[in-house]
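For reference, the structure is listed below as C-alpha cells.
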Amino acid sequence: MKKNLFIAFILSFLALHPSLMIAQSPREDFKQNVFKSASNYYAYPGPEQHKLTPAPKGYEPYYISHYGRHGSRYLIGKNDYDRAWKVLSRADSLGKLTDYGKDVLRRVVLLRNEADQRLGELTLLGAQQHREIARRMYERFPEVFKGATDIDAKSTVVIRCILSMENALQELKSLNPKLRIRHDASEHDMWYMNHDDKRLKDRIWNPEARAAYDAFKKRHSNYDRVMQTLFRDTAYVRHEVNAENLNYHLFKLASNIQSSELRHSISLYDLFTPDEIYDNWMIENAGWYLGYGPCPLNGALQPFSQRHLLGKILEEADANVGKSHPGATLRFGHEVCVMPLACLLEMDNCGKQIADFEQLPAEGWLNYKIFPMGCNVQLIFYKPKKGKGDILVKALLNENETTLPLKPVSGPYYKWSDFRDYFTKKLQSFSLE
C-alpha cells in the first residue's frame, strides 16, 4: 500500500513538473508525432503541462511580461516553393520522373498554388494558435486580467506578427471588455523587438565551427534513396539535379504542410524513411544551435543577440512590479528572438554548452521544444495578497514551467530581485572585444 502511494506521489509530482521527466529520444518523439521533426515549422502544440504548480501560500499573480513568435505561416521565400517545383517539372517534361515522383510533383503544385501571393503570411491555424494562447493565459492567471487593467502590446512591423498580436488581443477583449489595450507596431521598437546584430552574426562561422558543422552535416546527409524514388534515371540525377538542395526543399515543404489548410488532405512525409527524417532534423537542430544557441565552438555568445530584448523586459518589469495592478506587457515577434532569449535565460536545457553536435539530443537540446510556430516566453509575477513581502516570478516556455539558474523560493518560483540581479550582471558581462 505504501509503495503504491509513493508511486502515485512521484507520478503526480512529475505531472506537475514535466521538465524533470526523463526525455525520450527524438526518434521516439518523431515516431509518435512526425510533425516535431519540422524544427521551427512545428505547429504550436499547446502546453504539455496542463496543471501549473500552485503559488506559495499568500501569493497571487498580478503582472505578465511576454514575448511570443507569430503563429503558423506560409513559407517566406518564393524559392521555398519554386525550387522543388522547377526541378521536378523539368524532369517530368523529359520523362525522368517515376510515377511516385509525378505524384510528389502534384502535391508540390498544390502547395505552391495555395501559397501564391501569401508568402510569409499568417495562416488560419496561426491565428487560431494565438487566440488559444491568449485564452489560456487569461484562464490561468485571471487575477492579472481582472477589471479595467492595462494591456500594453507591441509587434514587429511584419504583418504575420501584427495579425498574431491582433488575434490575441481580440480574444482577451472578448473575455474582458473592460481591458484598456494599447497596441503598436513600429520601426521605433525594432531595436529590441527584432535586433539584428551583424557583428555578432559574423562570429558564428569561425573556422572551428564551420569545420565541425560541415563534418557533422556530411555524416547526416541522407537522400540517395529519396532521389531513386523520385527519378527513373540515376545519370540524370547525377548530372542535372542538385540532390542535396532538392532534398532540403522537399523536407521543408513536408515540414510546413502542418501549418496550412492542405494538412487535411495531403502530406509529404511519406517521401522519407524514419532514418531520413531523423537525419534531416539533426542537421537543422545543429544549425540552429550553432546560429542561435550557446555553442562553445563560436564562443557561446549568440544568445546575446537578444540582450536588448532582455534588458527591455527587465526595465519594463521594474517599472510595473511596483504598481498594484499593472496587467500585462505583450510582445509579438519571431523565433530568431524566442530561441536565443530562452537560451539567454538558461531555461531548462536551453543554456547548455555542448561542443559535440552529435550529443545535442542526449543532452536534451531539442529545437522543436523551444521554438515551434507560436512559441513564447512568459514571466509571471506574484505579489503577497496581504502585507509586505518579496515579489516572486516564474518563467514559462511555451506555457510550461521551467527551471532557471537561480535558487528557487519553492518549486518554479524565484525572487524577482534575484532574477533581476543575476540577469543584469549577465548582460553587463557581454563583450565582443
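All residue names refer to the C-alpha cells as shown: chains lettered A, B, ... in order, residues numbered from 1 in each chain, ligands numbered from 1 in order.
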
*asked:* Excluding His334 (chain A) and its own-chain neighbours fewer than 6 positions away, which residues fall within 10 Å of it when counting only C-alpha atoms? Please give them as a list in words.
replied: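 Contacts, in chain order: Tyr67, Gly68, Arg69, His70, Gly71, Ser155, Thr156, Val158, Arg160, Cys161, Met193, Asn194, Phe371, Met373, Gly374, Cys375 and Asn376 of chain A.
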
*asked:* If we count only C-alpha atoms and set the cut-off at 9 Å, which residues sit around Ile380 (chain A), ignoring sequence neighbours fewer than 2 positions away in its own chain? Please answer as a list in words.
replied: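 In the requested format, the answer is Pro61, Tyr62, Tyr63, Ile64, Ser65, His66, Phe141, Gln378, Tyr382, Leu392, Val393, Lys394, Ala395 and Leu396 of chain A.
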
Filtering to all heavy atoms, could you give me those residues as a CSV table (one decimal), in the first residue's frame?
```csv
chain,number,residue,atom,x,y,z
A,61,PRO,N,-0.9,36.0,-8.7
A,61,PRO,CA,-0.3,36.7,-9.9
A,61,PRO,C,-0.9,38.0,-10.2
A,61,PRO,O,-2.1,38.2,-9.9
A,61,PRO,CB,-0.6,35.7,-11.0
A,61,PRO,CG,-1.9,35.0,-10.6
A,61,PRO,CD,-1.8,34.9,-9.1
A,62,TYR,N,0.0,39.0,-10.6
A,62,TYR,CA,-0.6,40.3,-10.9
A,62,TYR,C,0.0,41.0,-12.1
A,62,TYR,O,-0.5,42.0,-12.5
A,62,TYR,CB,-0.5,41.2,-9.7
A,62,TYR,CG,0.8,41.8,-9.4
A,62,TYR,CD1,1.1,43.2,-9.4
A,62,TYR,CD2,1.9,41.0,-9.1
A,62,TYR,CE1,2.3,43.7,-9.1
A,62,TYR,CE2,3.2,41.5,-8.8
A,62,TYR,CZ,3.4,42.9,-8.8
A,62,TYR,OH,4.6,43.4,-8.5
A,63,TYR,N,1.1,40.4,-12.7
A,63,TYR,CA,1.7,41.0,-13.9
A,63,TYR,C,2.3,40.0,-14.8
A,63,TYR,O,2.9,39.0,-14.2
A,63,TYR,CB,2.7,42.1,-13.5
A,63,TYR,CG,3.5,42.7,-14.6
A,63,TYR,CD1,2.9,43.4,-15.7
A,63,TYR,CD2,4.9,42.5,-14.7
A,63,TYR,CE1,3.7,43.9,-16.7
A,63,TYR,CE2,5.7,43.0,-15.7
A,63,TYR,CZ,5.0,43.7,-16.8
A,63,TYR,OH,5.8,44.2,-17.8
A,64,ILE,N,2.2,40.1,-16.1
A,64,ILE,CA,2.8,39.2,-17.0
A,64,ILE,C,3.7,39.9,-18.0
A,64,ILE,O,3.2,41.0,-18.6
A,64,ILE,CB,1.7,38.4,-17.8
A,64,ILE,CG1,1.0,37.4,-16.8
A,64,ILE,CG2,2.4,37.5,-18.9
A,64,ILE,CD1,-0.2,36.7,-17.5
A,65,SER,N,4.9,39.5,-18.2
A,65,SER,CA,5.7,40.0,-19.3
A,65,SER,C,6.0,38.9,-20.3
A,65,SER,O,6.4,37.8,-19.9
A,65,SER,CB,7.1,40.5,-18.7
A,65,SER,OG,7.9,41.0,-19.7
A,66,HIS,N,5.7,39.1,-21.6
A,66,HIS,CA,5.6,38.1,-22.6
A,66,HIS,C,6.4,38.5,-23.9
A,66,HIS,O,6.4,39.7,-24.2
A,66,HIS,CB,4.1,37.8,-22.9
A,66,HIS,CG,3.8,37.3,-24.2
A,66,HIS,ND1,3.7,38.1,-25.3
A,66,HIS,CD2,3.5,36.1,-24.6
A,66,HIS,CE1,3.4,37.4,-26.4
A,66,HIS,NE2,3.2,36.1,-26.0
A,141,PHE,N,-4.3,32.8,-15.3
A,141,PHE,CA,-4.0,34.0,-14.5
A,141,PHE,C,-5.0,35.0,-14.5
A,141,PHE,O,-4.8,36.2,-14.9
A,141,PHE,CB,-2.6,34.5,-14.9
A,141,PHE,CG,-1.5,33.5,-15.1
A,141,PHE,CD1,-1.1,33.2,-16.4
A,141,PHE,CD2,-1.0,32.8,-14.0
A,141,PHE,CE1,-0.2,32.2,-16.6
A,141,PHE,CE2,0.0,31.8,-14.2
A,141,PHE,CZ,0.4,31.5,-15.5
A,378,GLN,N,6.9,33.5,-21.2
A,378,GLN,CA,6.1,34.3,-20.3
A,378,GLN,C,6.7,34.3,-18.9
A,378,GLN,O,7.1,33.3,-18.3
A,378,GLN,CB,4.7,33.6,-20.1
A,378,GLN,CG,3.9,33.5,-21.4
A,378,GLN,CD,2.5,32.9,-21.2
A,378,GLN,OE1,1.9,32.9,-20.1
A,378,GLN,NE2,2.0,32.2,-22.3
A,382,TYR,N,4.3,37.6,-9.1
A,382,TYR,CA,3.4,37.3,-8.0
A,382,TYR,C,3.7,38.3,-6.8
A,382,TYR,O,4.9,38.6,-6.6
A,382,TYR,CB,3.6,35.9,-7.5
A,382,TYR,CG,3.1,34.8,-8.5
A,382,TYR,CD1,3.8,34.5,-9.6
A,382,TYR,CD2,1.9,34.2,-8.3
A,382,TYR,CE1,3.4,33.5,-10.5
A,382,TYR,CE2,1.4,33.2,-9.2
A,382,TYR,CZ,2.2,32.9,-10.3
A,382,TYR,OH,1.7,32.0,-11.2
A,392,LEU,N,7.7,37.7,-6.4
A,392,LEU,CA,8.2,36.4,-7.0
A,392,LEU,C,7.9,36.4,-8.5
A,392,LEU,O,7.0,37.1,-9.0
A,392,LEU,CB,7.5,35.2,-6.3
A,392,LEU,CG,7.6,35.1,-4.8
A,392,LEU,CD1,6.9,33.8,-4.3
A,392,LEU,CD2,9.1,35.1,-4.3
A,393,VAL,N,8.7,35.5,-9.2
A,393,VAL,CA,8.5,35.4,-10.6
A,393,VAL,C,8.7,33.9,-11.0
A,393,VAL,O,9.5,33.2,-10.4
A,393,VAL,CB,9.4,36.3,-11.4
A,393,VAL,CG1,10.9,35.9,-11.1
A,393,VAL,CG2,9.1,36.3,-12.9
A,394,LYS,N,7.9,33.5,-11.9
A,394,LYS,CA,8.2,32.1,-12.5
A,394,LYS,C,8.2,32.3,-14.0
A,394,LYS,O,7.5,33.2,-14.6
A,394,LYS,CB,7.2,31.1,-12.1
A,394,LYS,CG,5.8,31.1,-12.7
A,394,LYS,CD,5.0,29.9,-12.2
A,394,LYS,CE,3.6,29.9,-12.7
A,394,LYS,NZ,2.8,28.8,-12.2
A,395,ALA,N,8.9,31.4,-14.7
A,395,ALA,CA,9.1,31.5,-16.2
A,395,ALA,C,8.4,30.3,-16.8
A,395,ALA,O,8.5,29.2,-16.4
A,395,ALA,CB,10.6,31.5,-16.5
A,396,LEU,N,7.7,30.6,-17.9
A,396,LEU,CA,7.1,29.6,-18.7
A,396,LEU,C,7.7,29.7,-20.1
A,396,LEU,O,7.8,30.7,-20.7
A,396,LEU,CB,5.6,29.8,-18.9
A,396,LEU,CG,4.7,30.0,-17.6
A,396,LEU,CD1,3.3,30.1,-17.9
A,396,LEU,CD2,4.9,28.8,-16.7
```

_List as number ranges by chain the protein and nucleic acid residues near Glu315 (chain A), meaning an atom at most 12 Å away when only C-alpha atoms are counted, but skip any in the same chain fewer than 6 places from it._
A: 65, 308-309, 321, 329, 420-421, 423-424

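Among the residues of region 342-400 of chain A, backbone DSSP assigns strand (DSSP E) to A:Asn376, A:Val377, A:Gln378, A:Leu379, A:Ile380, A:Phe381, A:Tyr382, A:Lys383, A:Pro384, A:Leu392, A:Val393, A:Lys394, A:Ala395, A:Leu396, A:Leu397, A:Asn400.
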
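Closest approach to Leu427 (chain A) from the set A:Lys407, A:Thr402, A:Ala211, A:Lys312 is made by A:Lys312, with distances taken over only C-alpha atoms.
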
*asked:* If you run DSSP on the backbone here, which positions in region 255-322 of chain A get alpha helix (DSSP H)? Please write them as a VMD selection string.
replied: chain A and resid 255 to 256 274 to 292 307 to 321

*What does the distance from CA of Thr229 (chain A) to CA of Val241 (chain A) come to in Å, to one decimal?*
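According to the coordinates, CA of Thr229 (chain A) and CA of Val241 (chain A) are separated by 13.9 Å.
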
*Best match for closeness to His130 (chain A) among A:Asn222, A:Gln170, A:Asn367, A:Ser37, counting only C-alpha atoms*: A:Gln170
